[in-house]
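Peer 1: Please find one structure pasted underneath; my questions will follow.
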Amino acid sequence: MFKRILTAGLLFGMAATGPPAHAASCGDRETLIDRLETQFSEQLIAGGLQSVQSVVEVWASPETGTFTVLVTNTQGISCVLTTGNNWFHEEPQIKPAGIPS
């Protein structure tokens, strides 16, 4: 009985001390970019400063329909925020000035 309790405690303890889920989705920016370009044919289509210390980038592929949103810090470490399928691009509609009434 004691062995079963000890084994269960060790298993649950090891599961609780595992690496955080987001750690697997972070890495060197160049490595992630290479993977996006070669495996998914994605290219940088948009981006902007999130703060003084991070940049948000949107990578997408018209061929495969996949997209990835990355955030990169000043040390060059990028983390995948989200990925998805069926990417589409919509051009903003410019309304004509019209005639003042």
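Residue numbering restarts at 1 in every chain; chains get A, B, ... in the order shown in the structure tokens, and ligands count up from 1 in that same order.
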Which neighbours of range 68-85 of chain A fall inside 7 Å, counting only C-alpha atoms, when residues of the same chain fewer than 6 positions from it are skipped, and could you give them as a PyMOL selection string?
Peer 2: chain A and resi 25-29+53-60
Peer 1: What does the distance between CA of Gly65 in chain A and CA of Phe88 in chain A come to in Å, to one decimal place?
Peer 2: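 Separating CA of Gly65 in chain A from CA of Phe88 in chain A is a distance of 7.5 Å.
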Peer 1: List the spatial neighbours of Leu36 in chain A as a list in words - criterion: any atom at most 10 Å away, only C-alpha atoms, same-chain residues fewer than 6 positions off excluded.
Peer 2: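 Listing them by chain and then by number gives Glu30, Glu42, Gln43, Leu44, Trp59, Ala60, Ser61, Thr66, Phe67 and Thr68 of chain A.
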Peer 1: Selected residues, N, CA and C atoms, written as a compact mmCIF listing (two decimals), in the first residue's frame, please.
Peer 2:
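Listing of selection_27.txt after writing:
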```txt
# COMPACT_ATOMS: atom_id res chain seq x y z
N GLU A 30 15.63 33.22 -35.44
CA GLU A 30 16.09 32.73 -36.74
C GLU A 30 15.68 31.28 -36.98
N GLU A 42 5.54 30.17 -45.19
CA GLU A 42 5.01 31.42 -44.67
C GLU A 42 6.01 32.54 -44.87
N GLN A 43 5.48 33.74 -44.99
CA GLN A 43 6.31 34.94 -45.13
C GLN A 43 5.74 36.03 -44.24
N LEU A 44 6.58 36.96 -43.87
CA LEU A 44 6.17 38.06 -43.01
C LEU A 44 5.21 38.96 -43.77
N TRP A 59 2.99 36.00 -39.71
CA TRP A 59 3.54 35.26 -40.84
C TRP A 59 2.40 34.45 -41.43
N ALA A 60 2.29 34.43 -42.76
CA ALA A 60 1.20 33.68 -43.40
C ALA A 60 1.64 33.18 -44.76
N SER A 61 0.89 32.20 -45.25
CA SER A 61 1.16 31.62 -46.56
C SER A 61 -0.12 31.56 -47.38
N THR A 66 -1.85 28.69 -44.02
CA THR A 66 -1.50 28.71 -42.60
C THR A 66 -1.03 30.10 -42.19
N PHE A 67 -1.13 30.39 -40.89
CA PHE A 67 -0.60 31.63 -40.36
C PHE A 67 -0.07 31.40 -38.95
N THR A 68 0.88 32.26 -38.56
CA THR A 68 1.52 32.18 -37.25
C THR A 68 1.71 33.60 -36.74
```
Peer 1: Please indicate the distance in Å from CA of Pro96 in chain A to CA of Gly48 in chain A, rounded to one decimal place.
Peer 2: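 Taking CA of Pro96 in chain A and CA of Gly48 in chain A, their separation equals 27.9 Å.
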Peer 1: Just give me the gap between CA of Glu90 in chain A and CA of Ala46 in chain A in Å, one decimal is fine.
Peer 2: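 Spanning CA of Glu90 in chain A to CA of Ala46 in chain A is a straight-line distance of 12.7 Å.
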